[in-house]
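Engineer: Input file: query-v1.pdb. Contents: PDB, C-alpha atoms.
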ATOM      1  CA  MET A1239     -45.457  41.320  19.396
ATOM      2  CA  ARG A1240     -45.421  37.654  20.170
ATOM      3  CA  SER A1241     -48.210  36.140  22.190
ATOM      4  CA  PRO A1242     -47.501  34.544  25.612
ATOM      5  CA  ARG A1243     -48.241  31.133  24.191
ATOM      6  CA  SER A1244     -45.609  31.438  21.451
ATOM      7  CA  ARG A1245     -43.026  32.517  24.038
ATOM      8  CA  LYS A1246     -43.741  29.509  26.208
ATOM      9  CA  THR A1247     -43.434  27.263  23.185
ATOM     10  CA  ALA A1248     -40.038  28.766  22.304
ATOM     11  CA  VAL A1249     -38.764  28.412  25.854
ATOM     12  CA  LEU A1250     -39.934  24.813  25.990
ATOM     13  CA  LEU A1251     -38.171  23.959  22.728
ATOM     14  CA  SER A1252     -34.951  25.559  23.982
ATOM     15  CA  VAL A1253     -35.054  23.505  27.184
ATOM     16  CA  LEU A1254     -35.691  20.330  25.259
ATOM     17  CA  PHE A1255     -32.744  21.078  22.905
ATOM     18  CA  VAL A1256     -30.395  21.659  25.872
ATOM     19  CA  LEU A1257     -31.520  18.402  27.503
ATOM     20  CA  PHE A1258     -30.932  16.548  24.252
ATOM     21  CA  LEU A1259     -27.383  17.889  23.991
ATOM     22  CA  GLY A1260     -26.675  16.895  27.587
ATOM     23  CA  LEU A1261     -27.925  13.362  27.051
ATOM     24  CA  ALA A1262     -25.862  13.055  23.886
ATOM     25  CA  GLY A1263     -22.686  14.091  25.756
ATOM     26  CA  CYS A1264     -23.345  11.543  28.496
ATOM     27  CA  ASP A1265     -23.826   8.777  25.949
ATOM     28  CA  LYS A1266     -20.470   9.556  24.315
ATOM     29  CA  ALA A1267     -18.755   9.586  27.671
ATOM     30  CA  ASP A1268     -20.261   6.192  28.503
ATOM     31  CA  ILE A1269     -19.330   4.707  25.114
ATOM     32  CA  GLN A1270     -15.613   5.668  25.301
ATOM     33  CA  PRO A1271     -14.902   3.839  28.592
ATOM     34  CA  ALA A1272     -16.821   0.863  27.306
ATOM     35  CA  ASN A1273     -14.640   0.775  24.179
ATOM     36  CA  THR A1274     -11.501   1.137  26.268
ATOM     37  CA  THR A1275     -12.570  -1.713  28.505
ATOM     38  CA  ALA A1276     -13.364  -3.856  25.507
ATOM     39  CA  ALA A1277      -9.941  -3.142  24.009
ATOM     40  CA  LYS A1278      -8.244  -4.027  27.278
ATOM     41  CA  THR A1279     -10.118  -7.285  27.525
ATOM     42  CA  ALA A1280      -9.420  -8.128  23.861
ATOM     43  CA  ILE A1281      -5.649  -8.015  24.346
ATOM     44  CA  PRO A1282      -5.528 -10.696  27.026
ATOM     45  CA  GLU A1283      -7.814 -12.860  24.931
ATOM     46  CA  LYS A1284      -5.355 -12.565  22.019
ATOM     47  CA  GLU A1285      -2.467 -13.427  24.295
ATOM     48  CA  VAL A1286      -4.420 -16.426  25.560
ATOM     49  CA  ASP A1287      -4.973 -17.573  21.993
ATOM     50  CA  GLN A1288      -1.246 -17.306  21.235
ATOM     51  CA  ALA A1289      -0.415 -19.221  24.393
ATOM     52  CA  GLN A1290      -2.907 -21.900  23.460
ATOM     53  CA  LEU A1291      -1.375 -22.033  19.977
ATOM     54  CA  GLY A1292       2.079 -22.459  21.499
ATOM     55  CA  ASP A1293       0.762 -25.274  23.692
ATOM     56  CA  LYS A1294      -0.709 -26.931  20.652
ATOM     57  CA  LEU A1295       2.614 -26.649  18.858
ATOM     58  CA  THR A1296       4.473 -28.214  21.747
ATOM     59  CA  ASN A1297       1.830 -30.881  22.327
ATOM     60  CA  LYS A1298       1.674 -31.752  18.640
ATOM     61  CA  PRO A1299       5.220 -31.501  17.243
ATOM     62  CA  GLU A1300       4.405 -33.268  14.020
ATOM     63  CA  ALA A1301       1.637 -30.819  13.124
ATOM     64  CA  ALA A1302       3.847 -27.895  14.130
ATOM     65  CA  GLU A1303       6.728 -29.239  12.068
ATOM     66  CA  GLY A1304       4.424 -29.708   9.081
ATOM     67  CA  ARG A1305       3.029 -26.172   9.329
ATOM     68  CA  SER A1306       6.502 -24.730   9.888
ATOM     69  CA  ALA A1307       7.924 -26.681   6.945
ATOM     70  CA  ASN A1308       5.079 -25.545   4.675
ATOM     71  CA  TYR A1309       5.518 -21.950   5.794
ATOM     72  CA  ALA A1310       9.293 -22.085   5.225
ATOM     73  CA  ILE A1311       8.888 -23.722   1.820
ATOM     74  CA  GLU A1312       6.254 -21.207   0.717
ATOM     75  CA  LYS A1313       8.380 -18.326   1.952
ATOM     76  CA  ALA A1314      11.530 -19.611   0.248
ATOM     77  CA  SER A1315       9.602 -20.395  -2.944
ATOM     78  CA  LEU A1316       8.197 -16.857  -3.089
ATOM     79  CA  SER A1317      11.607 -15.325  -2.481
ATOM     80  CA  ASP A1318      13.174 -17.617  -5.079
ATOM     81  CA  ALA A1319      10.489 -16.687  -7.602
ATOM     82  CA  GLU A1320      11.100 -13.000  -6.977
ATOM     83  CA  GLN A1321      14.891 -13.304  -7.169
ATOM     84  CA  ALA A1322      15.181 -15.905  -9.935
ATOM     85  CA  SER A1323      16.021 -13.433 -12.669
ATOM     86  CA  GLU A1324      18.345 -11.433 -10.384
ATOM     87  CA  THR A1325      20.226 -14.575  -9.327
ATOM     88  CA  ALA A1326      20.604 -15.803 -12.908
ATOM     89  CA  THR A1327      22.223 -12.534 -13.933
ATOM     90  CA  ALA A1328      24.231 -11.960 -10.748
ATOM     91  CA  ILE A1329      25.889 -15.404 -10.601
ATOM     92  CA  ASP A1330      28.595 -16.182 -13.151
ATOM     93  CA  ARG A1331      28.235 -19.197 -15.350
ATOM     94  CA  LYS A1332      29.604 -22.272 -13.572
ATOM     95  CA  ILE A1333      31.326 -24.399 -16.234
ATOM     96  CA  ILE A1334      33.578 -27.369 -15.466
ATOM     97  CA  ARG A1335      36.251 -27.540 -18.179
ATOM     98  CA  ASN A1336      38.498 -30.560 -18.726
ATOM     99  CA  ALA A1337      41.143 -31.257 -21.349
ATOM    100  CA  ASP A1338      42.987 -34.468 -22.231
ATOM    101  CA  LEU A1339      46.053 -34.140 -24.490
ATOM    102  CA  THR A1340      48.609 -36.574 -25.879
ATOM    103  CA  ILE A1341      51.693 -34.768 -27.163
ATOM    104  CA  GLU A1342      54.853 -36.034 -28.847
ATOM    105  CA  VAL A1343      58.094 -34.306 -27.874
ATOM    106  CA  PRO A1344      61.812 -35.047 -28.317
ATOM    107  CA  SER A1345      62.479 -35.102 -24.558
ATOM    108  CA  THR A1346      59.729 -35.999 -22.099
ATOM    109  CA  THR A1347      61.581 -34.899 -18.956
ATOM    110  CA  ASP A1348      62.363 -31.428 -20.325
ATOM    111  CA  THR A1349      58.761 -31.004 -21.452
ATOM    112  CA  GLN A1350      57.549 -32.060 -18.011
ATOM    113  CA  GLN A1351      59.517 -29.251 -16.378
ATOM    114  CA  LYS A1352      58.197 -26.736 -18.916
ATOM    115  CA  ILE A1353      54.569 -27.769 -18.305
ATOM    116  CA  VAL A1354      55.059 -27.429 -14.541
ATOM    117  CA  SER A1355      56.426 -23.938 -15.132
ATOM    118  CA  ILE A1356      53.443 -23.055 -17.363
ATOM    119  CA  ALA A1357      50.990 -24.241 -14.706
ATOM    120  CA  GLU A1358      52.654 -22.226 -11.944
ATOM    121  CA  THR A1359      52.894 -19.130 -14.157
ATOM    122  CA  ASN A1360      49.143 -19.232 -14.804
ATOM    123  CA  GLY A1361      48.332 -19.640 -11.122
ATOM    124  CA  GLY A1362      47.836 -23.430 -11.222
ATOM    125  CA  PHE A1363      49.545 -26.444  -9.745
ATOM    126  CA  VAL A1364      50.396 -30.081 -10.492
ATOM    127  CA  VAL A1365      48.020 -32.677  -9.035
ATOM    128  CA  THR A1366      49.751 -35.913 -10.089
ATOM    129  CA  SER A1367      52.854 -36.881 -12.044
ATOM    130  CA  GLU A1368      53.493 -40.424 -13.276
ATOM    131  CA  ALA A1369      56.422 -41.841 -15.298
ATOM    132  CA  LYS A1370      56.610 -45.234 -16.996
ATOM    133  CA  GLN A1371      59.424 -46.712 -19.067
ATOM    134  CA  ARG A1372      58.421 -47.909 -22.497
ATOM    135  CA  ASP A1373      59.041 -51.611 -23.128
ATOM    136  CA  SER A1374      61.418 -52.254 -25.998
ATOM    137  CA  GLN A1375      64.150 -54.735 -26.904
ATOM    138  CA  GLU A1376      66.445 -51.947 -28.016
ATOM    139  CA  PRO A1377      67.897 -49.876 -25.145
ATOM    140  CA  ALA A1378      67.762 -46.696 -27.224
ATOM    141  CA  GLN A1379      63.972 -46.950 -27.468
ATOM    142  CA  ARG A1380      63.372 -47.428 -23.719
ATOM    143  CA  THR A1381      62.154 -43.901 -23.116
ATOM    144  CA  LEU A1382      59.948 -42.524 -20.336
ATOM    145  CA  ASP A1383      56.275 -41.839 -20.966
ATOM    146  CA  ILE A1384      55.054 -39.196 -18.492
ATOM    147  CA  LYS A1385      51.493 -38.378 -17.458
ATOM    148  CA  LEU A1386      50.723 -35.037 -15.783
ATOM    149  CA  VAL A1387      47.463 -33.771 -14.269
ATOM    150  CA  VAL A1388      47.423 -30.008 -13.639
ATOM    151  CA  ARG A1389      44.747 -27.621 -12.316
ATOM    152  CA  ILE A1390      44.538 -24.201 -13.945
ATOM    153  CA  PRO A1391      42.275 -21.253 -13.011
ATOM    154  CA  GLU A1392      39.287 -21.079 -15.323
ATOM    155  CA  ASN A1393      40.197 -17.663 -16.750
ATOM    156  CA  HIS A1394      43.682 -18.954 -17.771
ATOM    157  CA  PHE A1395      42.477 -22.268 -19.213
ATOM    158  CA  GLY A1396      42.713 -21.303 -22.896
ATOM    159  CA  ALA A1397      46.082 -19.574 -22.593
ATOM    160  CA  ALA A1398      47.670 -22.469 -20.701
ATOM    161  CA  LEU A1399      46.283 -24.976 -23.192
ATOM    162  CA  ASP A1400      47.783 -23.061 -26.129
ATOM    163  CA  GLN A1401      51.163 -22.871 -24.399
ATOM    164  CA  ILE A1402      51.184 -26.627 -23.792
ATOM    165  CA  ARG A1403      50.223 -27.318 -27.410
ATOM    166  CA  ALA A1404      53.127 -25.153 -28.575
ATOM    167  CA  LEU A1405      55.605 -27.504 -26.844
ATOM    168  CA  ALA A1406      54.560 -30.506 -28.955
ATOM    169  CA  SER A1407      55.886 -31.509 -32.335
ATOM    170  CA  ASN A1408      52.678 -33.482 -32.861
ATOM    171  CA  VAL A1409      49.367 -33.837 -31.002
ATOM    172  CA  PRO A1410      47.968 -37.334 -31.783
ATOM    173  CA  GLU A1411      44.995 -36.999 -29.396
ATOM    174  CA  ALA A1412      43.151 -34.022 -27.942
ATOM    175  CA  LYS A1413      39.839 -33.922 -26.073
ATOM    176  CA  ILE A1414      38.275 -30.843 -24.490
ATOM    177  CA  THR A1415      34.977 -31.012 -22.593
ATOM    178  CA  GLY A1416      32.820 -28.491 -20.747
ATOM    179  CA  GLN A1417      29.905 -29.095 -18.385
ATOM    180  CA  ASP A1418      27.563 -26.251 -17.454
ATOM    181  CA  VAL A1419      26.470 -26.675 -13.806
ATOM    182  CA  THR A1420      24.967 -23.197 -13.317
ATOM    183  CA  GLU A1421      21.435 -24.546 -13.003
ATOM    184  CA  GLU A1422      22.472 -27.110 -10.410
ATOM    185  CA  PHE A1423      24.410 -24.429  -8.517
ATOM    186  CA  ILE A1424      21.350 -22.123  -8.344
ATOM    187  CA  ASP A1425      19.156 -25.039  -7.294
ATOM    188  CA  LEU A1426      21.576 -25.896  -4.486
ATOM    189  CA  GLU A1427      21.505 -22.307  -3.220
ATOM    190  CA  ALA A1428      17.690 -22.310  -3.210
ATOM    191  CA  ARG A1429      17.562 -25.621  -1.362
ATOM    192  CA  ILE A1430      20.092 -24.379   1.208
ATOM    193  CA  LYS A1431      17.919 -21.294   1.840
ATOM    194  CA  THR A1432      14.836 -23.467   2.222
ATOM    195  CA  GLN A1433      16.533 -25.834   4.657
ATOM    196  CA  THR A1434      17.991 -22.902   6.626
ATOM    197  CA  ALA A1435      14.533 -21.343   6.973
ATOM    198  CA  LEU A1436      13.163 -24.700   8.073
ATOM    199  CA  GLU A1437      15.927 -24.989  10.655
ATOM    200  CA  GLN A1438      15.035 -21.559  12.067
ATOM    201  CA  GLN A1439      11.394 -22.617  12.368
ATOM    202  CA  PHE A1440      12.388 -25.743  14.282
ATOM    203  CA  LEU A1441      14.553 -23.624  16.590
ATOM    204  CA  GLN A1442      11.543 -21.446  17.369
ATOM    205  CA  ILE A1443       9.486 -24.554  18.086
ATOM    206  CA  MET A1444      12.318 -25.820  20.291
ATOM    207  CA  LYS A1445      11.987 -22.734  22.485
ATOM    208  CA  GLN A1446       8.268 -23.453  23.003
ATOM    209  CA  ALA A1447       8.717 -27.132  23.877
ATOM    210  CA  HIS A1448       7.985 -27.908  27.544
ATOM    211  CA  LYS A1449       8.197 -31.713  27.448
ATOM    212  CA  VAL A1450      11.358 -33.756  27.165
ATOM    213  CA  GLU A1451       9.979 -36.038  24.444
ATOM    214  CA  ASP A1452       8.838 -33.020  22.415
ATOM    215  CA  ALA A1453      12.257 -31.390  22.740
ATOM    216  CA  LEU A1454      14.016 -34.597  21.684
ATOM    217  CA  GLU A1455      11.759 -34.978  18.654
ATOM    218  CA  VAL A1456      12.360 -31.392  17.536
ATOM    219  CA  GLN A1457      16.112 -31.836  18.135
ATOM    220  CA  ARG A1458      16.104 -34.910  15.928
ATOM    221  CA  GLN A1459      14.372 -32.951  13.173
ATOM    222  CA  ILE A1460      16.928 -30.152  13.532
ATOM    223  CA  ALA A1461      19.783 -32.677  13.241
ATOM    224  CA  ASP A1462      18.269 -34.107  10.030
ATOM    225  CA  VAL A1463      17.872 -30.632   8.551
ATOM    226  CA  ARG A1464      21.443 -29.685   9.509
ATOM    227  CA  THR A1465      22.777 -32.872   7.888
ATOM    228  CA  GLU A1466      20.930 -32.030   4.685
ATOM    229  CA  ILE A1467      22.290 -28.469   4.751
ATOM    230  CA  GLU A1468      25.872 -29.696   5.167
ATOM    231  CA  LYS A1469      25.401 -32.160   2.320
ATOM    232  CA  LEU A1470      24.095 -29.438   0.018
ATOM    233  CA  GLU A1471      26.863 -27.044   1.027
ATOM    234  CA  GLY A1472      29.482 -29.747   0.353
ATOM    235  CA  ARG A1473      28.113 -30.286  -3.148
ATOM    236  CA  LYS A1474      28.042 -26.520  -3.710
ATOM    237  CA  HIS A1475      31.684 -26.136  -2.644
ATOM    238  CA  PHE A1476      32.654 -29.046  -4.906
ATOM    239  CA  LEU A1477      31.036 -27.387  -7.922
ATOM    240  CA  GLU A1478      32.679 -24.073  -7.057
ATOM    241  CA  ASN A1479      36.100 -25.732  -6.867
ATOM    242  CA  ARG A1480      35.707 -27.723 -10.072
ATOM    243  CA  SER A1481      34.394 -24.741 -12.039
ATOM    244  CA  SER A1482      36.976 -22.278 -10.727
ATOM    245  CA  LEU A1483      39.909 -24.624 -11.478
ATOM    246  CA  SER A1484      39.972 -26.482 -14.796
ATOM    247  CA  THR A1485      41.737 -29.845 -15.156
ATOM    248  CA  ILE A1486      44.258 -30.606 -17.905
ATOM    249  CA  THR A1487      45.646 -34.137 -18.336
ATOM    250  CA  ILE A1488      48.803 -34.360 -20.494
ATOM    251  CA  ASN A1489      50.319 -37.610 -21.770
ATOM    252  CA  ILE A1490      53.909 -36.861 -22.801
ATOM    253  CA  ILE A1491      55.481 -39.400 -25.165
ATOM    254  CA  THR A1492      58.328 -39.540 -27.650
ATOM    255  CA  PRO A1493      57.669 -40.287 -31.341
ATOM    256  CA  ARG A1494      57.613 -43.993 -32.075
ATOM    257  CA  PRO A1495      60.259 -45.162 -34.600
ATOM    258  CA  MET A1496      59.047 -45.886 -38.086
ATOM    259  CA  VAL A1497      59.380 -49.549 -39.044
ATOM    260  CA  VAL A1498      60.079 -50.089 -42.742
ATOM    261  CA  MET A1499      58.878 -53.468 -44.012
ATOM    262  CA  PRO A1500      61.305 -54.987 -46.576
ATOM    263  CA  THR A1501      60.057 -56.101 -49.962
ATOM    264  CA  THR A1502      59.492 -59.826 -50.612
ATOM    265  CA  GLY A1503      61.560 -61.867 -53.083
ATOM    266  CA  PHE A1504      63.845 -64.879 -53.564
ATOM    267  CA  ARG A1505      66.896 -63.136 -52.214
ATOM    268  CA  HIS A1506      64.938 -61.932 -49.195
ATOM    269  CA  SER A1507      63.586 -65.446 -48.560
ATOM    270  CA  VAL A1508      67.085 -66.963 -48.718
ATOM    271  CA  SER A1509      68.473 -64.351 -46.332
ATOM    272  CA  GLU A1510      65.592 -64.979 -43.928
ATOM    273  CA  ALA A1511      66.210 -68.771 -44.078
ATOM    274  CA  ILE A1512      69.928 -68.295 -43.368
ATOM    275  CA  SER A1513      69.203 -65.936 -40.473
ATOM    276  CA  ASP A1514      66.621 -68.381 -39.087
ATOM    277  CA  SER A1515      69.083 -71.325 -39.284
ATOM    278  CA  ILE A1516      71.749 -69.260 -37.525
ATOM    279  CA  GLU A1517      69.269 -68.335 -34.804
ATOM    280  CA  VAL A1518      68.295 -72.018 -34.384
ATOM    281  CA  GLY A1519      71.959 -73.114 -34.138
ATOM    282  CA  VAL A1520      72.721 -70.381 -31.629
ATOM    283  CA  ALA A1521      69.640 -71.375 -29.617
ATOM    284  CA  ILE A1522      70.725 -75.066 -29.535
ATOM    285  CA  LEU A1523      74.267 -74.139 -28.506
ATOM    286  CA  LEU A1524      72.961 -71.870 -25.769
ATOM    287  CA  PHE A1525      70.671 -74.681 -24.596
ATOM    288  CA  PHE A1526      73.580 -77.093 -24.099
ATOM    289  CA  VAL A1527      75.705 -74.428 -22.436
ATOM    290  CA  ARG A1528      72.893 -73.578 -20.065
ATOM    291  CA  PHE A1529      72.214 -77.276 -19.427
ATOM    292  CA  ALA A1530      75.868 -77.890 -18.558
ATOM    293  CA  ILE A1531      75.956 -74.892 -16.246
ATOM    294  CA  VAL A1532      72.740 -76.023 -14.520
ATOM    295  CA  MET A1533      73.970 -79.616 -14.149
ATOM    296  CA  ILE A1534      77.242 -78.644 -12.435
ATOM    297  CA  PRO A1535      75.670 -77.966  -9.024
ATOM    298  CA  VAL A1536      73.338 -80.935  -9.516
ATOM    299  CA  GLY A1537      76.270 -83.249 -10.159
ATOM    300  CA  VAL A1538      78.304 -81.906  -7.260
ATOM    301  CA  LEU A1539      75.504 -81.871  -4.698
ATOM    302  CA  VAL A1540      73.432 -84.875  -5.814
ATOM    303  CA  LEU A1541      75.164 -87.213  -8.236
ATOM    304  CA  LEU A1542      78.616 -87.252  -6.600
ATOM    305  CA  PRO A1543      77.383 -88.132  -3.077
ATOM    306  CA  SER A1544      74.995 -90.699  -4.523
ATOM    307  CA  GLY A1545      77.848 -92.353  -6.488
ATOM    308  CA  LEU A1546      80.145 -92.485  -3.474
ATOM    309  CA  LEU A1547      77.387 -93.990  -1.346
ATOM    310  CA  LEU A1548      76.599 -96.606  -3.987
ATOM    311  CA  ARG A1549      80.280 -97.526  -4.319
ATOM    312  CA  TYR A1550      80.610 -97.950  -0.544
ATOM    313  CA  VAL A1551      77.539-100.241  -0.446
ATOM    314  CA  ILE A1552      78.848-102.411  -3.306
ATOM    315  CA  ARG A1553      82.253-102.792  -1.718
ATOM    316  CA  ARG A1554      80.674-103.634   1.624
ATOM    317  CA  VAL A1555      78.524-106.359   0.044
ATOM    318  CA  LYS A1556      81.572-107.858  -1.684
ATOM    319  CA  ARG A1557      83.503-108.011   1.591
ATOM    320  CA  ILE A1558      80.653-109.773   3.364
ATOM    321  CA  ARG A1559      80.396-112.359   0.579
ATOM    322  CA  LEU A1560      84.169-112.911   0.651
ATOM    323  CA  ALA A1561      84.095-113.432   4.437
ATOM    324  CA  HIS A1562      81.331-115.990   4.153
ATOM    325  CA  ALA A1563      83.251-117.855   1.433
ATOM    326  CA  LEU A1564      86.462-117.991   3.502
ATOM    327  CA  SER A1565      84.619-119.227   6.574
ATOM    328  CA  ALA A1566      82.945-122.033   4.591
ATOM    329  CA  THR A1567      86.207-123.356   3.009
ATOM    330  CA  PRO A1568      88.062-124.726   6.194
ATOM    331  CA  SER A1569      84.950-126.481   7.447
ATOM    332  CA  GLN A1570      84.823-128.493   4.230
TER     333      GLN A1570
END
Using the file provided, produce a representation of the structure as structure tokens.
Structural biologist:
Amino acid sequence: MRSPRSRKTAVLLSVLFVLFLGLAGCDKADIQPANTTAAKTAIPEKEVDQAQLGDKLTNKPEAAEGRSANYAIEKASLSDAEQASETATAIDRKIIRNADLTIEVPSTTDTQQKIVSIAETNGGFVVTSEAKQRDSQEPAQRTLDIKLVVRIPENHFGAALDQIRALASNVPEAKITGQDVTEEFIDLEARIKTQTALEQQFLQIMKQAHKVEDALEVQRQIADVRTEIEKLEGRKHFLENRSSLSTITINIITPRPMVVMPTTGFRHSVSEAISDSIEVGVAILLFFVRFAIVMIPVGVLVLLPSGLLLRYVIRRVKRIRLAHALSATPSQ
């Protein structure tokens, strides 16, 4: 059996344990409201910090624009780095192809119509068409030289070029060039994304601006960014157009006549001297004929009136002298 002292000790320990548990429960209950109150007070402080940050952005537009630009550039750079390989494989190669041909054909006008038909069949069109008559002393050699500039879709470039070559009896000149602009095209897309992100950042800053001068400054920055975006998009569209449609320039001419130089010799020299003397005589005769024809209106309009006037003056002078002589004779 336990002694009375041991029982009292046990009872005392039990009471102390119960009191300890009660105090522990009260402490937990006090801690939870304190944490809740702290959380509630932390939220307004965070909102105050954001409001102060917005005020700083509106009060200091240059710093806000710098931070926004850096953030947009870093974001675009990271996205470009992640998608560089995907973009390189997803985008087709952008190659600007040009061809310059000079072809000899029997009839330039017929060949012109055939080339127009080839361009339209391959989904292309004629940009310019020029015709110039060849200078020559012989009427039979005054043919038309035609220049055509056609645009052909890039996937039909080779086929159309072969069809145009097949029309020629001879191809004196041919030049084909290709310019790969894929790298520039990808760079333009990245720059457009960067400028677009920067524009969005400025629009967010615009919403936080409370002063007129701040709003005008941000609006000016947005206008500059939009101008740069339109410039980049214009260059991108130009590269797309030039790479999707290849340019072929065709100079259509007729074969030039072959000039055979005669052999030299005594007989040839004599014949040349005779032909030269005949040409000189004909030239002199034509000179006098032309001179006579030119002098006819000169004689009628200038010499004949001048002669009649001179004759009238001479006769008038003679009459005056005769009158003076007759008046002097009776007085003597």
Engineer: What's the separation between CA of Arg1553 (chain A) and CA of Thr1567 (chain A), in Å to one decimal place?
Structural biologist: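 Straight-line distance from CA of Arg1553 (chain A) to CA of Thr1567 (chain A) works out to 21.5 Å.
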Engineer: Which residue out of A:Thr1349, A:Asn1393, A:Thr1415, A:Gln1457 has the minimum interatomic distance to Ser1482 (chain A) when all atoms listed in the file are used?
Structural biologist: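 Looking only at the distances to Ser1482 (chain A), the closest residue turns out to be A:Asn1393.
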Engineer: Name the residues captured by the PyMOL selection byres ((chain A and resi 1471) around 12) when it is applied to the shown file; answer as a count of residues only.
Structural biologist: 25
Engineer: Could you list, as JSON, numbers by chain, every residue within 12 Å of Thr1366 (chain A), counting only C-alpha atoms and ignoring same-chain residues fewer than 4 positions away?
Structural biologist: {"A": [1350, 1354, 1384, 1385, 1386, 1387, 1388, 1389, 1485, 1486, 1487, 1488, 1489]}
Engineer: Limited to C-alpha atoms, could you put the picked residues into a file as a PDB file, keeping the file's coordinate frame?
Structural biologist:
ATOM      1  CA  GLN A1350      57.549 -32.060 -18.011  1.00  0.00           C
ATOM      2  CA  VAL A1354      55.059 -27.429 -14.541  1.00  0.00           C
ATOM      3  CA  ILE A1384      55.054 -39.196 -18.492  1.00  0.00           C
ATOM      4  CA  LYS A1385      51.493 -38.378 -17.458  1.00  0.00           C
ATOM      5  CA  LEU A1386      50.723 -35.037 -15.783  1.00  0.00           C
ATOM      6  CA  VAL A1387      47.463 -33.771 -14.269  1.00  0.00           C
ATOM      7  CA  VAL A1388      47.423 -30.008 -13.639  1.00  0.00           C
ATOM      8  CA  ARG A1389      44.747 -27.621 -12.316  1.00  0.00           C
ATOM      9  CA  THR A1485      41.737 -29.845 -15.156  1.00  0.00           C
ATOM     10  CA  ILE A1486      44.258 -30.606 -17.905  1.00  0.00           C
ATOM     11  CA  THR A1487      45.646 -34.137 -18.336  1.00  0.00           C
ATOM     12  CA  ILE A1488      48.803 -34.360 -20.494  1.00  0.00           C
ATOM     13  CA  ASN A1489      50.319 -37.610 -21.770  1.00  0.00           C
TER      14      ASN A1489
END
Engineer: Given the file above and the PyMOL selection byres ((chain A and resi 1351) around 12), which residues are selected, and can you give them as a PyMOL selection string?
Structural biologist: chain A and resi 1345-1350+1352-1358+1364+1367+1384+1386+1402+1405+1490
